[in-house]
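K.L.:
This is the structure I want to talk about, given as structure tokens.
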Amino acid sequence: ALFTVTLDTLISRFYPDRQIRKKITNRKAGEPVPALIEDMGLRESYVWLPIWNSHGQFWKDKGDRVPSDFSRHATVHGVSKVQYSKRNCIQSLMLVASLIGYADQITREQRRAKSA
């Protein structure tokens, strides 16, 4: 749960505009990859595509079963042993680490550009 809310915070810092952020955090079943991600470079899409994939819809009040795969929405809205597994903990950690690494890369590139 801690890695999931950390992921939420990091995503909102990259995309403070809620309408843009929803393109990554609101994946509907069967929906194609959003243009926002399609238009990214390869390295950037490797960071954001798994994050988008982890944001599949989950509606406990509509009878959705808690998935065993890591799901941001099920972690937050469907607390259960099924979602809180070691495997899902590691997956959420990997998403957070990937996003932090990406942020670090951007920061380093900006510093290099300023000093050039």
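Following the order of the structure tokens, chains are lettered A, B, ..., residues in each are numbered from 1, and ligands are numbered from 1.
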Within 9 Å of region 19-27 of chain A, counting only C-alpha atoms, which residues show up once you throw out same-chain ones fewer than 2 positions away? Write them as a ChimeraX atom specification, please.
P.N.:
/A:8,11-12,14-17,29-37,48-49,51-57,72
K.L.:
Would you pick out the contacts of Ser68 (chain A) at 9 Å or less, using only C-alpha atoms, so that residues sharing its chain but fewer than 4 positions from it are not included, and give the list as a PyMOL selection string?
P.N.:
chain A and resi 82-85+88
K.L.:
May I have the residues from that selection written out with all heavy atoms, as a PDB file, in the first residue's frame?
P.N.:
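Now in part.pdb:
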ATOM      1  N   VAL A  82      -5.478 -11.126  -1.177  1.00  0.00           N
ATOM      2  CA  VAL A  82      -5.236 -11.429  -2.595  1.00  0.00           C
ATOM      3  C   VAL A  82      -4.384 -10.326  -3.225  1.00  0.00           C
ATOM      4  O   VAL A  82      -3.440 -10.601  -3.952  1.00  0.00           O
ATOM      5  CB  VAL A  82      -6.572 -11.583  -3.361  1.00  0.00           C
ATOM      6  CG1 VAL A  82      -6.338 -11.714  -4.854  1.00  0.00           C
ATOM      7  CG2 VAL A  82      -7.350 -12.766  -2.834  1.00  0.00           C
ATOM      8  N   GLN A  83      -4.695  -9.069  -2.936  1.00  0.00           N
ATOM      9  CA  GLN A  83      -3.965  -7.944  -3.522  1.00  0.00           C
ATOM     10  C   GLN A  83      -2.665  -7.663  -2.784  1.00  0.00           C
ATOM     11  O   GLN A  83      -1.663  -7.313  -3.387  1.00  0.00           O
ATOM     12  CB  GLN A  83      -4.853  -6.692  -3.548  1.00  0.00           C
ATOM     13  CG  GLN A  83      -4.307  -5.540  -4.338  1.00  0.00           C
ATOM     14  CD  GLN A  83      -3.983  -5.843  -5.785  1.00  0.00           C
ATOM     15  OE1 GLN A  83      -3.041  -5.290  -6.308  1.00  0.00           O
ATOM     16  NE2 GLN A  83      -4.705  -6.717  -6.450  1.00  0.00           N
ATOM     17  N   TYR A  84      -2.669  -7.828  -1.474  1.00  0.00           N
ATOM     18  CA  TYR A  84      -1.473  -7.537  -0.671  1.00  0.00           C
ATOM     19  C   TYR A  84      -0.584  -8.772  -0.571  1.00  0.00           C
ATOM     20  O   TYR A  84      -0.465  -9.406   0.464  1.00  0.00           O
ATOM     21  CB  TYR A  84      -1.857  -7.033   0.708  1.00  0.00           C
ATOM     22  CG  TYR A  84      -2.428  -5.630   0.723  1.00  0.00           C
ATOM     23  CD1 TYR A  84      -3.130  -5.151   1.808  1.00  0.00           C
ATOM     24  CD2 TYR A  84      -2.270  -4.780  -0.348  1.00  0.00           C
ATOM     25  CE1 TYR A  84      -3.649  -3.861   1.824  1.00  0.00           C
ATOM     26  CE2 TYR A  84      -2.776  -3.501  -0.350  1.00  0.00           C
ATOM     27  CZ  TYR A  84      -3.464  -3.055   0.738  1.00  0.00           C
ATOM     28  OH  TYR A  84      -3.967  -1.778   0.741  1.00  0.00           O
ATOM     29  N   SER A  85       0.068  -9.081  -1.675  1.00  0.00           N
ATOM     30  CA  SER A  85       0.971 -10.224  -1.731  1.00  0.00           C
ATOM     31  C   SER A  85       2.407  -9.732  -1.906  1.00  0.00           C
ATOM     32  O   SER A  85       2.638  -8.580  -2.272  1.00  0.00           O
ATOM     33  CB  SER A  85       0.586 -11.124  -2.911  1.00  0.00           C
ATOM     34  OG  SER A  85       0.816 -10.436  -4.143  1.00  0.00           O
ATOM     35  N   ASN A  88       2.944  -8.607  -5.543  1.00  0.00           N
ATOM     36  CA  ASN A  88       2.406  -7.285  -5.859  1.00  0.00           C
ATOM     37  C   ASN A  88       3.188  -6.176  -5.174  1.00  0.00           C
ATOM     38  O   ASN A  88       3.326  -5.082  -5.726  1.00  0.00           O
ATOM     39  CB  ASN A  88       0.927  -7.210  -5.508  1.00  0.00           C
ATOM     40  CG  ASN A  88       0.082  -8.023  -6.458  1.00  0.00           C
ATOM     41  OD1 ASN A  88       0.552  -8.444  -7.511  1.00  0.00           O
ATOM     42  ND2 ASN A  88      -1.162  -8.254  -6.101  1.00  0.00           N
TER      43      ASN A  88
END
K.L.:
What's the 8 Å shell around Phe58 (chain A), counting only C-alpha atoms, without same-chain residues fewer than 3 positions away, as a ChimeraX atom specification?
P.N.:
/A:64,66,73-74
K.L.:
Could you take the residues named above and write them with N, CA, C and O atoms, as a tab-separated table (two decimals), in the first residue's frame?
P.N.:
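Saved result, part-v9.tsv, follows:
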chain	number	residue	atom	x	y	z
A	64	ASP	N	-16.86	-6.49	-8.80
A	64	ASP	CA	-15.57	-6.95	-9.32
A	64	ASP	C	-14.82	-7.71	-8.22
A	64	ASP	O	-14.79	-7.28	-7.07
A	66	VAL	N	-11.44	-8.99	-6.44
A	66	VAL	CA	-10.10	-8.43	-6.26
A	66	VAL	C	-9.14	-9.27	-7.09
A	66	VAL	O	-9.06	-10.49	-6.90
A	73	HIS	N	-5.98	0.36	-8.26
A	73	HIS	CA	-7.33	0.61	-7.75
A	73	HIS	C	-7.76	-0.46	-6.75
A	73	HIS	O	-8.39	-0.15	-5.74
A	74	ALA	N	-7.41	-1.72	-6.99
A	74	ALA	CA	-7.76	-2.77	-6.04
A	74	ALA	C	-6.96	-2.64	-4.75
A	74	ALA	O	-7.46	-2.93	-3.67
K.L.:
Check the DSSP output for the backbone and give back, as JSON, numbers by chain, the residues of chain A in alpha helix (DSSP H).
P.N.:
{"A": [2, 3, 4, 5, 6, 7, 8, 9, 10, 11, 12, 13, 14, 18, 19, 20, 21, 22, 23, 24, 25, 35, 36, 37, 38, 42, 43, 44, 45, 46, 47, 48, 49, 50, 51, 52, 53, 72, 73, 74, 75, 76, 77, 86, 87, 88, 89, 90, 91, 92, 93, 94, 95, 96, 97, 98, 99, 100, 101, 102, 103, 104, 105, 106, 107, 108, 109, 110, 111, 112, 113, 114, 115]}
K.L.:
Select, from A:Ala1, A:Ile106, A:Ala116, A:Leu10, the residue with the minimum atom-to-atom distance to Phe70 (chain A), counting only C-alpha atoms.
P.N.:
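The shortest atom-to-atom distance to Phe70 (chain A) comes from A:Ala1.
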K.L.:
Would you list the contacts of Leu95 (chain A) as a VMD selection string, taking every protein, DNA or RNA residue within 10 Å and counting only C-alpha atoms, but skipping same-chain residues closer than 2 positions in sequence?
P.N.:
chain A and resid 3 to 4 6 to 7 47 to 48 50 to 51 54 90 to 93 97 to 101
